[in-house]
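S.K.: Enclosed is the structure file my_file.txt (compact mmCIF, C-alpha atoms (C1' of nucleotides)).
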```
# COMPACT_ATOMS: atom_id res chain seq x y z
CA MET M 1 19.14 18.88 -94.57
CA ASN M 2 20.21 22.44 -95.17
CA GLN M 3 19.01 25.07 -92.68
CA TYR M 4 18.08 27.23 -95.65
CA ALA M 5 16.00 24.52 -97.30
CA SER M 6 12.77 26.53 -97.08
CA ILE M 7 14.00 29.51 -99.04
CA LEU M 8 15.99 27.44 -101.54
CA ASN M 9 12.93 25.36 -102.11
CA ASN M 10 10.97 28.49 -102.82
CA ILE M 11 13.55 29.71 -105.34
CA ASN M 12 13.80 26.32 -107.03
CA ARG M 13 10.10 26.39 -107.75
CA TYR M 14 10.90 29.06 -110.34
CA VAL M 15 14.46 28.32 -111.50
CA SER M 16 17.07 25.56 -111.17
CA LEU M 17 19.98 26.73 -109.09
CA THR M 18 23.34 24.99 -109.29
CA LYS M 19 25.02 23.93 -106.05
CA VAL M 20 27.49 26.79 -106.38
CA GLU M 21 24.68 29.29 -106.82
CA GLU M 22 22.86 27.91 -103.80
CA GLU M 23 25.97 28.31 -101.70
CA LYS M 24 26.54 31.87 -102.83
CA ILE M 25 22.98 32.80 -101.98
CA CYS M 26 23.09 31.08 -98.57
CA SER M 27 26.36 32.80 -97.76
CA ILE M 28 24.70 36.23 -97.70
CA ILE M 29 21.67 35.21 -95.60
CA LYS M 30 21.42 36.57 -92.07
CA THR M 31 19.07 34.82 -89.67
CA SER M 32 17.16 36.69 -86.93
CA THR M 33 14.37 36.21 -84.48
CA VAL M 34 11.86 38.99 -83.99
CA LYS M 35 9.38 39.42 -81.14
CA ARG M 36 5.72 40.21 -81.60
CA ARG M 37 5.11 43.96 -82.05
CA GLN M 38 8.71 44.60 -82.98
CA TYR M 39 9.38 46.68 -86.12
CA ILE M 40 11.87 45.57 -88.75
CA ILE M 41 11.19 48.58 -90.99
CA GLN M 42 10.37 52.09 -89.77
CA PRO M 43 9.71 55.45 -91.44
CA GLY M 44 12.87 57.46 -91.82
CA PHE M 45 15.10 54.41 -92.12
CA VAL M 46 16.10 52.86 -95.44
CA CYS M 47 14.76 49.35 -96.01
CA GLN M 48 18.10 47.57 -96.27
CA SER M 49 17.03 43.99 -96.86
CA ARG M 50 14.69 41.59 -98.53
CA THR M 51 13.18 39.67 -95.63
CA TYR M 52 11.94 36.12 -96.00
CA ILE M 53 9.60 34.79 -93.29
CA VAL M 54 10.64 31.33 -92.11
CA GLU M 55 8.12 31.23 -89.29
CA GLY M 56 5.64 33.80 -88.00
CA ALA M 57 3.65 36.65 -89.51
CA PHE M 58 4.22 40.29 -90.44
CA ARG M 59 2.34 43.25 -91.76
CA VAL M 60 3.45 46.40 -93.54
CA PHE M 61 1.43 49.48 -92.71
CA HIS M 62 1.32 53.16 -93.38
CA LEU M 63 0.55 55.72 -90.71
CA ASP M 64 -1.22 58.80 -92.08
CA GLU M 65 -1.18 62.38 -90.76
CA GLU M 66 -4.33 61.74 -88.77
CA GLY M 67 -2.68 58.84 -86.98
CA LYS M 68 -4.58 56.15 -88.83
CA GLU M 69 -2.96 52.90 -89.81
CA HIS M 70 -3.41 51.48 -93.29
CA THR M 71 -2.16 47.93 -93.74
CA VAL M 72 -0.48 47.48 -97.10
CA SER M 73 0.38 43.81 -96.88
CA ILE M 74 0.14 40.82 -94.60
CA GLY M 75 2.62 37.97 -94.87
CA VAL M 76 3.18 34.60 -93.24
CA GLU M 77 5.65 31.72 -93.65
CA ASP M 78 7.33 31.44 -97.05
CA TRP M 79 6.53 35.04 -98.02
CA PHE M 80 8.74 38.09 -98.37
CA VAL M 81 8.22 41.33 -96.43
CA THR M 82 9.71 44.44 -97.98
CA ASP M 83 8.98 48.11 -98.35
CA PHE M 84 9.70 47.96 -102.05
CA PHE M 85 9.63 51.68 -102.65
CA SER M 86 12.27 52.24 -100.02
CA TYR M 87 14.27 49.16 -100.97
CA ILE M 88 14.61 49.75 -104.71
CA ASN M 89 15.31 53.46 -104.41
CA GLN M 90 17.30 53.07 -101.18
CA THR M 91 15.44 56.05 -99.77
CA PRO M 92 13.88 56.34 -96.30
CA ALA M 93 10.81 54.17 -95.82
CA GLN M 94 7.36 55.65 -95.28
CA ASN M 95 5.96 52.46 -93.78
CA TYR M 96 6.36 50.21 -90.80
CA ALA M 97 6.87 46.45 -91.00
CA GLU M 98 5.68 44.91 -87.75
CA ALA M 99 5.88 41.35 -86.46
CA LEU M 100 2.37 40.11 -85.67
CA GLU M 101 3.81 37.03 -83.95
CA ASN M 102 7.20 35.98 -82.64
CA SER M 103 8.97 35.18 -85.87
CA LEU M 104 12.06 33.71 -87.49
CA ILE M 105 13.38 35.49 -90.57
CA PHE M 106 16.11 35.32 -93.22
CA GLN M 107 17.43 38.64 -94.43
CA MET M 108 19.42 39.43 -97.55
CA HIS M 109 21.06 42.83 -97.60
CA TYR M 110 20.61 45.14 -100.60
CA GLU M 111 24.34 45.52 -101.09
CA ASP M 112 24.82 41.76 -101.14
CA ILE M 113 21.80 40.68 -103.14
CA GLU M 114 21.76 43.29 -105.89
CA PRO M 115 25.30 42.50 -107.13
CA LEU M 116 24.39 38.82 -106.87
CA CYS M 117 21.46 39.45 -109.22
CA LYS M 118 23.91 40.86 -111.75
CA GLU M 119 26.11 37.82 -111.27
CA ILE M 120 23.59 34.98 -111.09
CA HIS M 121 21.18 35.03 -114.00
CA ASN M 122 18.91 32.51 -112.24
CA LEU M 123 18.51 34.80 -109.24
CA SER M 124 17.59 37.72 -111.44
CA GLU M 125 15.03 35.49 -113.17
CA TYR M 126 13.66 34.33 -109.82
CA PHE M 127 13.01 37.87 -108.64
CA ARG M 128 11.69 38.89 -112.05
CA LEU M 129 9.16 36.06 -112.09
CA THR M 130 8.07 36.43 -108.47
CA THR M 131 7.75 40.20 -108.72
CA GLU M 132 5.69 39.89 -111.90
CA LYS M 133 3.43 37.53 -110.01
CA ALA M 134 3.19 39.85 -107.02
CA PHE M 135 2.48 42.75 -109.35
CA ALA M 136 -0.33 40.84 -111.05
CA HIS M 137 -1.87 40.17 -107.64
CA SER M 138 -1.45 43.78 -106.62
CA ARG M 139 -3.41 44.81 -109.73
CA ARG M 140 -6.17 42.40 -108.80
CA ARG M 141 -6.29 43.99 -105.38
CA VAL M 142 -6.63 47.41 -106.95
CA ILE M 143 -9.57 46.14 -108.99
CA SER M 144 -11.17 44.68 -105.88
CA SER M 145 -10.73 47.85 -103.89
CA ILE M 146 -12.30 49.87 -106.70
CA SER M 147 -15.11 47.58 -107.73
CA LEU M 148 -16.24 45.58 -104.71
CA THR M 149 -18.20 46.51 -101.60
CA ALA M 150 -16.62 46.12 -98.17
CA GLU M 151 -18.44 42.84 -97.60
CA GLN M 152 -17.41 41.44 -100.97
CA ARG M 153 -13.79 42.34 -100.25
CA TYR M 154 -13.97 40.48 -96.96
CA ASP M 155 -15.54 37.43 -98.60
CA GLU M 156 -12.91 37.40 -101.32
CA TYR M 157 -10.12 37.60 -98.76
CA ALA M 158 -11.62 34.91 -96.55
CA ALA M 159 -11.95 32.60 -99.57
CA GLN M 160 -8.43 33.26 -100.80
CA TYR M 161 -6.62 33.22 -97.45
CA PRO M 162 -8.65 31.01 -95.10
CA HIS M 163 -5.52 30.25 -93.03
CA ILE M 164 -4.82 33.95 -92.45
CA VAL M 165 -8.25 35.51 -92.02
CA ASN M 166 -8.60 34.36 -88.41
CA ARG M 167 -4.93 34.48 -87.55
CA VAL M 168 -4.45 38.25 -87.57
CA PRO M 169 -6.13 40.80 -85.30
CA GLN M 170 -9.39 42.18 -86.59
CA TYR M 171 -8.23 45.79 -86.74
CA VAL M 172 -5.29 44.72 -88.89
CA LEU M 173 -7.54 42.93 -91.36
CA ALA M 174 -10.01 45.83 -91.40
CA SER M 175 -7.26 48.31 -92.24
CA TYR M 176 -5.99 45.92 -94.92
CA LEU M 177 -9.41 45.60 -96.50
CA GLY M 178 -10.05 49.34 -96.33
CA MET M 179 -12.89 49.49 -93.83
CA SER M 180 -13.36 50.42 -90.18
CA PRO M 181 -12.97 47.67 -87.56
CA GLU M 182 -16.57 48.39 -86.50
CA PHE M 183 -17.87 47.62 -89.95
CA LEU M 184 -15.83 44.43 -90.23
CA SER M 185 -17.27 43.40 -86.88
CA LYS M 186 -20.75 44.05 -88.23
CA ILE M 187 -20.05 41.98 -91.37
CA ARG M 188 -18.73 39.05 -89.34
CA ASN M 189 -21.70 39.24 -87.07
CA ARG M 190 -24.11 39.19 -89.97
CA LYS M 191 -22.44 36.02 -91.24
CA ALA M 192 -22.46 34.31 -87.85
CA GLN M 193 -26.21 34.91 -87.58
CA SER M 194 -27.12 33.26 -90.87
CA MET Q 1 18.78 56.30 -136.27
CA ASN Q 2 17.24 52.99 -135.37
CA GLN Q 3 13.46 52.73 -135.68
CA TYR Q 4 13.48 51.02 -132.28
CA ALA Q 5 15.47 53.79 -130.60
CA SER Q 6 12.66 54.67 -128.20
CA ILE Q 7 12.36 51.24 -126.63
CA LEU Q 8 16.12 50.58 -126.63
CA ASN Q 9 16.60 53.89 -124.96
CA ASN Q 10 14.11 52.87 -122.29
CA ILE Q 11 15.91 49.58 -121.67
CA ASN Q 12 19.32 51.22 -121.59
CA ARG Q 13 18.20 53.46 -118.77
CA TYR Q 14 18.33 50.34 -116.58
CA VAL Q 15 21.01 48.10 -118.14
CA SER Q 16 23.72 48.32 -120.79
CA LEU Q 17 22.86 46.16 -123.75
CA THR Q 18 25.53 45.03 -126.20
CA LYS Q 19 24.93 45.58 -129.92
CA VAL Q 20 24.23 41.86 -130.34
CA GLU Q 21 21.67 41.91 -127.55
CA GLU Q 22 20.00 44.97 -129.06
CA GLU Q 23 19.71 43.21 -132.40
CA LYS Q 24 18.24 40.07 -130.87
CA ILE Q 25 15.64 42.09 -129.03
CA CYS Q 26 14.74 44.18 -132.08
CA SER Q 27 14.43 41.04 -134.19
CA ILE Q 28 11.40 39.86 -132.19
CA ILE Q 29 9.57 43.19 -132.16
CA LYS Q 30 6.38 43.47 -134.21
CA THR Q 31 5.11 46.94 -135.04
CA SER Q 32 1.39 47.75 -135.33
CA THR Q 33 -0.94 50.68 -135.57
CA VAL Q 34 -4.13 50.61 -133.56
CA LYS Q 35 -7.19 52.80 -134.01
CA ARG Q 36 -8.94 54.62 -131.18
CA ARG Q 37 -11.45 52.33 -129.41
CA GLN Q 38 -9.81 49.19 -130.75
CA TYR Q 39 -8.99 46.43 -128.22
CA ILE Q 40 -5.60 44.75 -128.13
CA ILE Q 41 -6.55 42.51 -125.18
CA GLN Q 42 -9.99 41.02 -124.55
CA PRO Q 43 -11.51 38.71 -121.93
CA GLY Q 44 -11.34 35.11 -123.03
CA PHE Q 45 -8.18 35.59 -125.07
CA VAL Q 46 -4.71 35.02 -123.70
CA CYS Q 47 -2.55 38.14 -123.47
CA GLN Q 48 0.17 37.02 -125.86
CA SER Q 49 2.51 39.99 -125.79
CA ARG Q 50 4.21 42.72 -123.87
CA THR Q 51 3.08 45.89 -125.64
CA TYR Q 52 5.20 49.03 -125.64
CA ILE Q 53 3.46 52.30 -126.59
CA VAL Q 54 5.50 54.30 -129.11
CA GLU Q 55 2.76 56.87 -129.66
CA GLY Q 56 -0.77 57.19 -128.34
CA ALA Q 57 -2.57 56.14 -125.17
CA PHE Q 58 -4.21 53.01 -123.77
CA ARG Q 59 -6.16 51.91 -120.77
CA VAL Q 60 -6.72 48.48 -119.24
CA PHE Q 61 -10.14 48.01 -117.71
CA HIS Q 62 -12.24 45.36 -116.06
CA LEU Q 63 -15.92 44.93 -116.83
CA ASP Q 64 -17.88 43.64 -113.83
CA GLU Q 65 -21.07 41.54 -113.79
CA GLU Q 66 -23.19 44.66 -113.53
CA GLY Q 67 -21.68 46.05 -116.70
CA LYS Q 68 -19.53 48.62 -114.96
CA GLU Q 69 -16.04 49.47 -116.17
CA HIS Q 70 -13.14 49.74 -113.75
CA THR Q 71 -9.96 51.17 -115.20
CA VAL Q 72 -6.89 49.38 -113.89
CA SER Q 73 -4.19 51.36 -115.65
CA ILE Q 74 -3.71 54.21 -118.06
CA GLY Q 75 -0.59 54.39 -120.21
CA VAL Q 76 0.91 56.78 -122.75
CA GLU Q 77 4.13 56.93 -124.79
CA ASP Q 78 7.11 55.00 -123.41
CA TRP Q 79 4.93 52.82 -121.16
CA PHE Q 80 4.02 49.16 -121.36
CA VAL Q 81 0.43 47.86 -121.52
CA THR Q 82 -0.08 44.29 -120.39
CA ASP Q 83 -2.65 42.19 -118.60
CA PHE Q 84 0.00 40.71 -116.36
CA PHE Q 85 -2.12 38.05 -114.78
CA SER Q 86 -3.05 36.66 -118.18
CA TYR Q 87 0.44 37.13 -119.59
CA ILE Q 88 2.47 35.41 -116.89
CA ASN Q 89 0.08 32.50 -116.46
CA GLN Q 90 -0.81 32.36 -120.16
CA THR Q 91 -4.47 32.03 -119.20
CA PRO Q 92 -7.42 33.91 -120.70
CA ALA Q 93 -7.52 37.58 -119.80
CA GLN Q 94 -10.26 39.06 -117.62
CA ASN Q 95 -9.62 42.60 -118.80
CA TYR Q 96 -9.76 44.73 -121.89
CA ALA Q 97 -6.91 46.89 -123.16
CA GLU Q 98 -8.36 49.67 -125.28
CA ALA Q 99 -6.66 52.34 -127.39
CA LEU Q 100 -7.78 55.76 -126.18
CA GLU Q 101 -6.18 57.38 -129.23
CA ASN Q 102 -4.87 56.18 -132.57
CA SER Q 103 -1.62 54.61 -131.54
CA LEU Q 104 1.63 53.05 -132.67
CA ILE Q 105 2.89 50.08 -130.69
CA PHE Q 106 5.74 47.56 -130.47
CA GLN Q 107 4.79 44.05 -129.41
CA MET Q 108 7.00 41.26 -128.13
CA HIS Q 109 5.42 37.85 -128.11
CA TYR Q 110 5.50 35.70 -124.95
CA GLU Q 111 7.10 32.81 -126.77
CA ASP Q 112 9.86 35.02 -128.13
CA ILE Q 113 10.56 37.21 -125.12
CA GLU Q 114 10.48 34.65 -122.32
CA PRO Q 115 13.21 32.45 -123.81
CA LEU Q 116 15.15 35.61 -124.54
CA CYS Q 117 14.99 36.49 -120.84
CA LYS Q 118 16.60 33.16 -120.06
CA GLU Q 119 19.27 33.86 -122.67
CA ILE Q 120 20.03 37.53 -122.07
CA HIS Q 121 20.80 38.30 -118.44
CA ASN Q 122 20.48 42.03 -119.09
CA LEU Q 123 16.94 41.63 -120.37
CA SER Q 124 15.95 39.61 -117.33
CA GLU Q 125 17.44 42.36 -115.16
CA TYR Q 126 15.60 45.06 -117.10
CA PHE Q 127 12.24 43.44 -116.53
CA ARG Q 128 13.09 42.62 -112.92
CA LEU Q 129 13.97 46.24 -112.16
CA THR Q 130 11.06 47.78 -114.04
CA THR Q 131 8.55 45.36 -112.55
CA GLU Q 132 9.86 46.04 -109.06
CA LYS Q 133 9.35 49.72 -109.75
CA ALA Q 134 5.85 49.16 -111.12
CA PHE Q 135 5.06 47.01 -108.10
CA ALA Q 136 6.22 49.68 -105.71
CA HIS Q 137 3.94 52.18 -107.45
CA SER Q 138 1.07 49.76 -107.41
CA ARG Q 139 1.46 49.47 -103.65
CA ARG Q 140 1.38 53.22 -103.31
CA ARG Q 141 -1.84 53.23 -105.29
CA VAL Q 142 -3.32 50.67 -102.93
CA ILE Q 143 -2.45 52.93 -99.99
CA SER Q 144 -4.03 55.90 -101.74
CA SER Q 145 -7.20 54.03 -102.54
CA ILE Q 146 -7.49 52.88 -98.95
CA SER Q 147 -6.50 56.03 -97.13
CA LEU Q 148 -7.48 59.04 -99.23
CA THR Q 149 -10.82 60.64 -100.03
CA ALA Q 150 -12.02 60.83 -103.64
CA GLU Q 151 -10.93 64.45 -103.90
CA GLN Q 152 -7.48 63.73 -102.47
CA ARG Q 153 -7.03 60.89 -104.96
CA TYR Q 154 -7.87 63.25 -107.79
CA ASP Q 155 -5.45 65.90 -106.52
CA GLU Q 156 -2.68 63.36 -106.15
CA TYR Q 157 -3.22 62.07 -109.68
CA ALA Q 158 -3.38 65.57 -111.16
CA ALA Q 159 -0.13 66.48 -109.41
CA GLN Q 160 1.64 63.30 -110.46
CA TYR Q 161 0.38 63.07 -114.05
CA PRO Q 162 -0.39 66.64 -115.19
CA HIS Q 163 0.15 65.64 -118.82
CA ILE Q 164 -2.43 62.84 -118.63
CA VAL Q 165 -5.16 64.21 -116.38
CA ASN Q 166 -6.74 66.29 -119.16
CA ARG Q 167 -5.82 63.98 -122.00
CA VAL Q 168 -8.17 61.09 -121.21
CA PRO Q 169 -11.98 61.18 -121.08
CA GLN Q 170 -13.41 62.05 -117.71
CA TYR Q 171 -15.32 58.79 -117.28
CA VAL Q 172 -12.06 56.89 -117.80
CA LEU Q 173 -10.28 58.90 -115.14
CA ALA Q 174 -13.23 58.57 -112.77
CA SER Q 175 -13.24 54.80 -113.11
CA TYR Q 176 -9.46 54.77 -112.60
CA LEU Q 177 -9.72 56.83 -109.44
CA GLY Q 178 -12.63 54.79 -108.11
CA MET Q 179 -15.43 57.32 -108.13
CA SER Q 180 -18.49 58.08 -110.26
CA PRO Q 181 -18.03 60.44 -113.25
CA GLU Q 182 -20.68 62.69 -111.68
CA PHE Q 183 -18.64 63.08 -108.55
CA LEU Q 184 -15.45 63.80 -110.51
CA SER Q 185 -17.35 66.47 -112.40
CA LYS Q 186 -18.42 67.96 -109.08
CA ILE Q 187 -14.84 67.96 -107.78
CA ARG Q 188 -13.53 69.66 -110.91
CA ASN Q 189 -16.25 72.23 -110.70
CA ARG Q 190 -15.47 73.00 -107.09
CA LYS Q 191 -11.84 73.66 -108.07
CA ALA Q 192 -12.75 75.86 -111.05
CA GLN Q 193 -14.83 78.06 -108.74
CA SER Q 194 -12.11 78.78 -106.24
C1' DT H 1 -5.79 33.16 -60.69
C1' DT H 2 -6.19 37.45 -60.80
C1' DC H 3 -5.28 41.89 -62.65
C1' DG H 4 -4.78 45.38 -66.26
C1' DA H 5 -4.46 46.59 -70.87
C1' DA H 6 -5.52 45.77 -75.40
C1' DA H 7 -8.93 44.17 -78.59
C1' DA H 8 -13.60 43.35 -80.06
C1' DA H 9 -18.51 44.27 -80.07
C1' DT H 10 -22.62 47.30 -79.93
C1' DG H 11 -25.62 50.95 -81.25
C1' DA H 12 -26.95 55.61 -82.63
C1' DA H 13 -26.02 59.68 -85.20
C1' DC H 14 -23.76 61.31 -89.18
C1' DT H 15 -21.51 61.98 -94.01
C1' DA H 16 -18.95 61.04 -98.29
C1' DG H 17 -20.02 59.60 -102.27
C1' DA H 18 -23.40 56.75 -105.33
C1' DT H 19 -27.42 56.71 -108.00
C1' DT H 20 -30.85 58.53 -110.90
C1' DA H 21 -32.60 61.40 -114.23
C1' DA H 22 -32.76 65.06 -117.40
C1' DG H 23 -30.61 68.62 -119.97
C1' DA H 24 -26.44 70.88 -122.14
C1' DA H 25 -22.29 70.68 -124.55
C1' DA H 26 -19.03 68.67 -127.33
C1' DT H 27 -17.59 65.57 -130.93
C1' DG H 28 -17.75 62.78 -134.86
C1' DT H 29 -19.84 61.70 -139.34
C1' DA H 30 -22.46 61.98 -143.55
C1' DT U 1 -24.63 72.03 -142.35
C1' DA U 2 -27.22 69.16 -139.64
C1' DC U 3 -27.94 64.83 -137.16
C1' DA U 4 -26.57 61.30 -133.97
C1' DT U 5 -23.78 59.80 -130.45
C1' DT U 6 -20.86 60.43 -126.77
C1' DT U 7 -19.46 63.15 -122.92
C1' DC U 8 -20.20 66.40 -119.24
C1' DT U 9 -23.07 68.97 -115.84
C1' DT U 10 -26.46 69.82 -112.22
C1' DA U 11 -29.40 68.70 -108.58
C1' DA U 12 -32.29 65.72 -105.65
C1' DT U 13 -32.46 61.54 -103.23
C1' DC U 14 -30.43 57.55 -101.06
C1' DT U 15 -27.16 54.34 -98.64
C1' DA U 16 -22.83 52.02 -97.46
C1' DG U 17 -19.76 52.82 -94.36
C1' DT U 18 -17.77 56.17 -90.61
C1' DT U 19 -17.48 58.18 -86.10
C1' DC U 20 -17.95 58.29 -81.42
C1' DA U 21 -19.10 56.74 -76.92
C1' DT U 22 -19.80 52.74 -74.10
C1' DT U 23 -19.60 47.88 -72.78
C1' DT U 24 -17.78 43.38 -73.03
C1' DT U 25 -14.30 40.05 -74.00
C1' DT U 26 -9.68 38.29 -74.52
C1' DC U 27 -5.17 37.50 -73.19
C1' DG U 28 -0.43 38.14 -71.52
C1' DA U 29 2.11 39.01 -67.36
C1' DA U 30 2.93 38.58 -62.45
```
Would you mind writing the structure in this file as structure tokens?
M.R.:
Amino acid sequence: MNQYASILNNINRYVSLTKVEEEKICSIIKTSTVKRRQYIIQPGFVCQSRTYIVEGAFRVFHLDEEGKEHTVSIGVEDWFVTDFFSYINQTPAQNYAEALENSLIFQMHYEDIEPLCKEIHNLSEYFRLTTEKAFAHSRRRVISSISLTAEQRYDEYAAQYPHIVNRVPQYVLASYLGMSPEFLSKIRNRKAQS
Amino acid sequence: MNQYASILNNINRYVSLTKVEEEKICSIIKTSTVKRRQYIIQPGFVCQSRTYIVEGAFRVFHLDEEGKEHTVSIGVEDWFVTDFFSYINQTPAQNYAEALENSLIFQMHYEDIEPLCKEIHNLSEYFRLTTEKAFAHSRRRVISSISLTAEQRYDEYAAQYPHIVNRVPQYVLASYLGMSPEFLSKIRNRKAQS
DNA sequence: TTCGAAAAATGAACTAGATTAAGAAATGTA
DNA sequence: TACATTTCTTAATCTAGTTCATTTTTCGAA
């Protein structure tokens, strides 16, 4: 069994790669291990790669002028972590991507993967379809953040990601859901009571 | 000059279509006019098409259980309007898309455009690149909605979309920015004073 | 196994922004 | 031109969620 089975499996859920295509894609993958608290993307540096999480967990967050962290996304196994704005424009990132656990990742460099998208129609389709899906979810999150109360947002998240909600630190989840850690604590406490 | 010049021009900013490709794409375009207040997407109906705005303005909004409207996106000329979640899954929409002005649109039907994406690599690339861009912006909006105050969100929008901020009704903009129309009125008034 | 630092919980005072309601202005329509 | 409907404004009241200061718990490292 191929060491890249996980990511190929993910891609083949959307398209049907030929053996040759699989090999080309695998040939540009770089494997790394990352320790908890380590950053793989930092403000000021260009996000060079699409990063696939084989094992572990990451978050992307934004640090505002007042020193407050705002978590943009949380990802675990079989997800991608990217600062898309930085990646697609190849301009310096404005966010951090931090390992929440010791992790194993596959990285595909911009200068390798973008030409490959021009070459392999299936790969282009894969990223088109997955990005459309991610975009649709992002829109749903915008609706939630506009229309729901803090407690409703927590409930929705807990229902949708039961395997993540208790895996990440509370202050990370609070900053993802757009509330203070104190208030999230209060919400959880209210639930534990009843 | 081709009647589809506007949309072809948009596509050719990202990829270089051949004449044959251009003709295939144009052959599936349906042109319509839509009156102000008319819906082109409604809850319960599947979003069948990608809609390109030639002239006019639209908004996509969600109606919650309490009867409140939450505007998800606002689009004018040279933008696409789609309920992506409904479109990609071909499931009933949960949102409305409403014409804010009398408008002229081009529509490409799911069953025509999706096979064409499999056939024309350039088209697949076009949608991949534009969706990645839209996704990156959507993420920025999530950050804004989490980290900025209502007034800062208004300022940011006014700076980024000066040509739209005074073109749409105030209650639409308020529901897009996630605040009450009364509060938006207050903000605008504060600015007019100083 | 104990120590120290980071994370979580608690509670009280505070505020951004919502809600309500009523009137004024603008806009469309006959 | 006038009437009806939609949109915007103003101001008072209310509350979800923040801030800050303190205490308690958790957990990794030695």
S.K.: Please list as a PyMOL selection string every residue within 10 Å of DT15 (chain U), counting only C-alpha atoms (C1' of nucleotides) and excluding residues in the same chain fewer than 5 positions away.
M.R.: chain H and resi 17-19
S.K.: Take the residues from that selection and write them out as an mmCIF file, keeping the file's coordinate frame, keeping C-alpha atoms (C1' of nucleotides).
M.R.:
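Below is the file result_11.cif, written as the result:
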```
data_model
loop_
_atom_site.group_PDB
_atom_site.id
_atom_site.type_symbol
_atom_site.label_atom_id
_atom_site.label_comp_id
_atom_site.auth_asym_id
_atom_site.auth_seq_id
_atom_site.Cartn_x
_atom_site.Cartn_y
_atom_site.Cartn_z
ATOM 1 C "C1'" DG H 17 -20.020 59.600 -102.270
ATOM 2 C "C1'" DA H 18 -23.400 56.750 -105.330
ATOM 3 C "C1'" DT H 19 -27.420 56.710 -108.000
#
```
S.K.: Please find the residues of chain M near chain U - the criterion being any atom within 8 Å, counting all atoms listed in the file - and write them as a PyMOL selection string.
M.R.: chain M and resi 179-180+183
S.K.: Using all atoms listed in the file and a distance of at most 10 Å, pull out the residues of chain M that contact chain Q, as a ChimeraX atom specification.
M.R.: /M:61-64,68-73,82-89,117-148,175-179
S.K.: As an exercise, work out the distance from CA of Cys47 (chain Q) to CA of Lys19 (chain Q) in Å and give it to one decimal place.
M.R.: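 CA of Lys19 (chain Q) lies at a distance of 29.2 Å from CA of Cys47 (chain Q).
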S.K.: Per residue of chain M within 10 Å of chain H, note the shortest atom pair and the distance in Å to one decimal, counting only C-alpha atoms (C1' of nucleotides), and order the rows by chain and increasing residue number, as a tab-separated table.
M.R.:
```
residue	atom	partner	partner_atom	distance
M:Pro169	CA	H:DA7	C1'	8.0
M:Gln170	CA	H:DA8	C1'	7.9
M:Tyr171	CA	H:DA7	C1'	8.3
M:Pro181	CA	H:DA8	C1'	8.7
M:Glu182	CA	H:DA9	C1'	7.9
M:Ser185	CA	H:DA9	C1'	7.0
M:Lys186	CA	H:DA9	C1'	8.5
M:Asn189	CA	H:DA9	C1'	9.2
```
S.K.: Between CA of Arg50 (chain M) and CA of Ile105 (chain M), what distance in Å does the model show, to one decimal?
M.R.: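 We find that CA of Arg50 (chain M) and CA of Ile105 (chain M) lie 10.1 Å from each other.
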S.K.: Just to confirm, what's the straight-line distance from CA of Ser27 (chain Q) to CA of Ala57 (chain Q) in Å (one decimal)?
M.R.: 24.5 Å
S.K.: What lies within 10 Å of Gly44 (chain M) using all atoms listed in the file, ignoring chain neighbours under 3 positions off, as a list in words?
M.R.: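 Counting only the stated atoms, we get Ile41, Cys47, Ser86, Thr91, Pro92, Ala93, Gln94, Asn95 and Tyr96 of chain M.
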S.K.: Got a sec: who's within 12 Å of Ala5 (chain M), counting all atoms listed in the file, leaving out chain neighbours fewer than 6 positions off, as a PDB file with C-alpha atoms, in the coordinates of the input?
M.R.:
```
ATOM      1  CA  ILE M  11      13.550  29.710-105.340  1.00  0.00           C
ATOM      2  CA  ASN M  12      13.800  26.320-107.030  1.00  0.00           C
ATOM      3  CA  GLU M  22      22.860  27.910-103.800  1.00  0.00           C
ATOM      4  CA  GLU M  23      25.970  28.310-101.700  1.00  0.00           C
ATOM      5  CA  ILE M  25      22.980  32.800-101.980  1.00  0.00           C
ATOM      6  CA  CYS M  26      23.090  31.080 -98.570  1.00  0.00           C
ATOM      7  CA  VAL M  54      10.640  31.330 -92.110  1.00  0.00           C
ATOM      8  CA  ASP M  78       7.330  31.440 -97.050  1.00  0.00           C
ATOM      9  CA  PHE M 106      16.110  35.320 -93.220  1.00  0.00           C
TER      10      PHE M 106
END
```
S.K.: Using all atoms listed in the file, which of the listed residues (Q:Asn2, Q:Gln42, Q:Thr31, Q:Gln48) sits closest to Val60 (chain Q)?
M.R.: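 The shortest atom-to-atom distance to Val60 (chain Q) comes from Q:Gln42.
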S.K.: Which residue out of M:Gln38, M:Thr33, M:Thr18, M:Asn166 has the minimum interatomic distance to Tyr52 (chain M) when all atoms listed in the file are used?
M.R.: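 With all atoms listed in the file as the atom set, the closest residue is M:Thr33.
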